[in-house]
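**Student:** Below is one structure. I have some questions about it.
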Amino acid sequence: MSEAVAVAHGHGVHAAPTSFWRKYVFSLDHKVIGIQYMSYSLFMLVIGGLLAMLVRWQLAFPGRPLAFMGKIVPAGMPGGVMLPEFYNSLFTMHATIMIFFAIMPLLIGAFGNYVVPLQIGARDMAFPRLNMMSFWTAVPGAFLIIASFFVEGGAAQSGWTSYAPLSAIQPKGQTLWLLALLVLGISSLLTAVNFITTIINLRAPGMHFFRMPLTVWALFIDAILLLLALPVLSAAMIMLLFDRILHTTFFLPAGLIVSGAAWTNAGGGQPLLWQHLFWFFGHPEVYIMILPAMGIVSDVMAVFARKPIFGYRSMAYAMCGIAGLGWIVWGHHMFQSGMNPYLGTTFMISTMVIAVPSAIKTFNWLGTLWRGQIHFTTPMLNAIAFVAMFAIGGLSGIFMASTPVDIFIHDTYFIVGHIHYVLFGGSLFGAFAGLYFWFPKMFGRKMSETWGKVHFWLSLIFFNGVMFPMHILGMRGMQRRIYDYTQYSHLKGLQPLNIFMSFSAFALGVSQIVLIVNFFWSLKFGERVGNNPWRANTLEWQTTSPPPHENFAEIPIVYHGPYEYSVPGMAEDYLPQTQPASAPLSSH
Amino acid sequence: MNRRRPSWLSLIVGAAIVAAPALLLAASEPNAPWRLPEEASTYAGRIDGIFNLILWITGIVFFLVEITLLVFLFKYRAKAGGRATYTHGSNRLEVIWTIIPALILVFLAVVSQDSWAYIRNHFPSSGTVIDITAEQFAWNIRYPGPDGKLNTDDDIVTLNQLHFPVDKPALINLHSKDVIHSFFLPEFRIKQDAVPGMTTRVWVQAKHTGNWEIACAELCGLGHYRMKGYLTVDTPEGFQKWLAETAAENKTESK
Ligand code: HEM
Ligand SMILES: [Cu+2]
Ligand SMILES: [Cu+2]
């Protein structure tokens, strides 16, 4: 705690490091850690994307060989022909890597770490050492998950949800999968504790809770969700590890017969227990992945519409509502699982209710644009795409919430379409918005707007080309996680559509090269743009770009909320939080 | 900052406004390839009814939201010397747009509940009783023999061949030997997991005779994609005849 107190009082926590190792590798500075997380997650995003491309190859042309892959992974694709078990590994690892190793570290680790202390006017996180440990704990997690491809029997193959008993009887890769996620869970837990403490204790003078930018709100709620959800997942994973290694039977009922032989350690367990535990974590998890993006998008929209956020308080309350309700809807993943149908009804009602805060947020974003002065910068375009695409993901969720409709679409591609509208259309576009928005703060240079727009449009178009038809596949009854749908006569006719989707996916993948090149090119040659290029109000823009060691020459004092744009009677259309208003500000 | 007029935007707005109703209409076009599959069970129509209701509601909301978004983007694009309106919101508007979605969603929940109860909670009191045990990667199907009881010596068993008669409920008990599978008859709009250690039940009634495929909808291992069964809906006489033939085959095999 003494560290926290020291920072709160504005004394330096740590002198500026001088050695290379302390400065760039084992750094205690939240900004460096944020950038470390960013490199980590963007690297994993590329791996996750490449795995998706392989999945899409198989779905476009089931069984057609890819000669060069035969050389790279002879065990999974002998002669270039993908084996079904390898296919199962591919989508399992794609989803796992995207969720736990790309989107979470990007939104929380990278943007959260970089932006939160700056936006609340703190010198660093409350526990800088813990922060460094969080990152360095996440690194072995990535090694473990990648290493799992190379163990006997290949990587985990039971989907990112790893339903027992399948996950209990899988080859070794599943054990590594469990270990990797346990390690990552520890790292996220440390991060969560740090965020909560930082946001509660280290706010600059005058930074009341209802003067915090929505990004901070989102990450605060996120941290609480993580703190409560992760232990449940970790417990379930330890139980599954025990079932696999110590021959306990938490998830294994009596009388299992696998491949004609009685499974030796079975008896007394309950397969549905895994699902309850998993989704008790898993449902909050999907909000954990969308809330920070919602926060970022709100900040970006206010800046580029030059307007206060419409209904700032209800935006914060809606996030609290989502978080609170997020705990009582997990069963909507289990409508067809054999759970008592009466329970299905209660879960349906709570699920319908949780759609309301999302609706409120969407309308408030529209309200923010209304009568604004909209500047179509790259961050803004990505933020707008977030709203447009998240609307699709949110609305498609209503189909699943309806229990009778879910009978049909559960475990079909409709679900996969929904996931991607929320996670790619939502979280990832939110992350892109944040990346283009804060890049000048992080590196003192702006990313190329032209190439940013090229990247944006290509991503938006091809993203819809891959993901929208997934709903149609689902409506035709195409199951998800299926290696060769052409085995079914009612699905054979879907191949042309699948080919179209796969080519869109390859194009989407290639489009990301534009982002990567722009990123590195701009690091070196981007336009130098000063401290506050977007003329924004929040505290991170009131210091140098990049900010100095310990962020602020002097701890700022906050006079009002973060979204005072276009205040009448003022010459400038923005009013930094550090600048007192000349006349009283309206709250309506 | 960029103050150019985005003329491409008007193009997109136009395209969206044209594409939108076209998409919705296309979705309801009876013979289009993206229609829901044929409705082969008596309750498939109920599920599709709710599906289409939700499609219309969400479709309309979707176009309202997206068109409003595009119109705002166009109308309120930055103009030289322009200034945004300074407002923190409107309580009245927020209350309205909280209550309307809440009412629509509650309405959808109520409508859904009725069919959910019909399909999942109220089982027909008579019908053809069938036991199905899933295993990696096959469906073991079992009918009571002449004694009318399941799990006795005279049971009639088949592999991956499910038959039941038309116009009469089929009462199916699902079990699994190993991992979780999911019994899926897309045209009948029925899906239910088969979970080891427990019995789950579904019922279904066919509207007409014919042949369909049974799919497995829950990832159950490397052969998940080929865990396929076949369903034949017979006339009552045809079904009795098939049962008798299968019973005879069972006998010769066990000899
Ligand atoms: C280039 C972009 C992407 C493509 C082409 C792609 C493609 C796919 C495909 C084809 C599947 C279905 C696998 C199956 O069920 O058989 C899938 C599943 C999934 N993807 Fe993606 N994806 C992409 C990006 C993402 C991103 C950015 C995320 C998350 C942040 C993500 C998360 C998931 C999840 C959670 C699943 C569910 C896997 C499961 O069923 O267990 N994907 N993806
Ligand atoms: Cu199966
Ligand atoms: Cu299966």
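Order determines the names: the first chain of the structure tokens is A, the second B, and so forth; residues in each chain are numbered 1 upward, and ligands are numbered 1 upward as they are shown.
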May I have the residues within 7 Å of range 210-212 of chain B as a ChimeraX atom specification, using only C-alpha atoms and disregarding those fewer than 2 positions away in the same chain?
**Tutor:** /B:208,214,230-233
**Student:** Let me have all residues with an atom within 7 Å of ligand 1, counting only C-alpha atoms and all ligand atoms, laid out as a ChimeraX atom specification.
**Tutor:** /A:49,52-53,55-56,91-92,94-96,98-99,102-103,159-161,416,419-420,423-424,427-428,466,480-483,505,508-509
**Student:** What residues have any atom no more than 8 Å from ligand 3 when counting only C-alpha atoms and all ligand atoms, and can you list them as number ranges by chain?
**Tutor:** B: 136-137, 180-182, 215-221, 223-225, 227
**Student:** Residues of chain B within 7 Å of chain A, using only C-alpha atoms, as an NGL selection string?
**Tutor:** :B and (2-3 or 34 or 36-37 or 47 or 50-51 or 54 or 58 or 66 or 69 or 72-73 or 76-79 or 82-90 or 97-98 or 101-102 or 105-106 or 109 or 112-113 or 115-116 or 120-121 or 177-179 or 186 or 189-193 or 196-197 or 200 or 217-220 or 222 or 225-226)
**Student:** B:Phe123, B:Phe164, B:Trp139, B:Phe74: which is nearest Gly238 in chain B, counting only C-alpha atoms?
**Tutor:**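 Of all the options, B:Phe164 lies closest to Gly238 in chain B.
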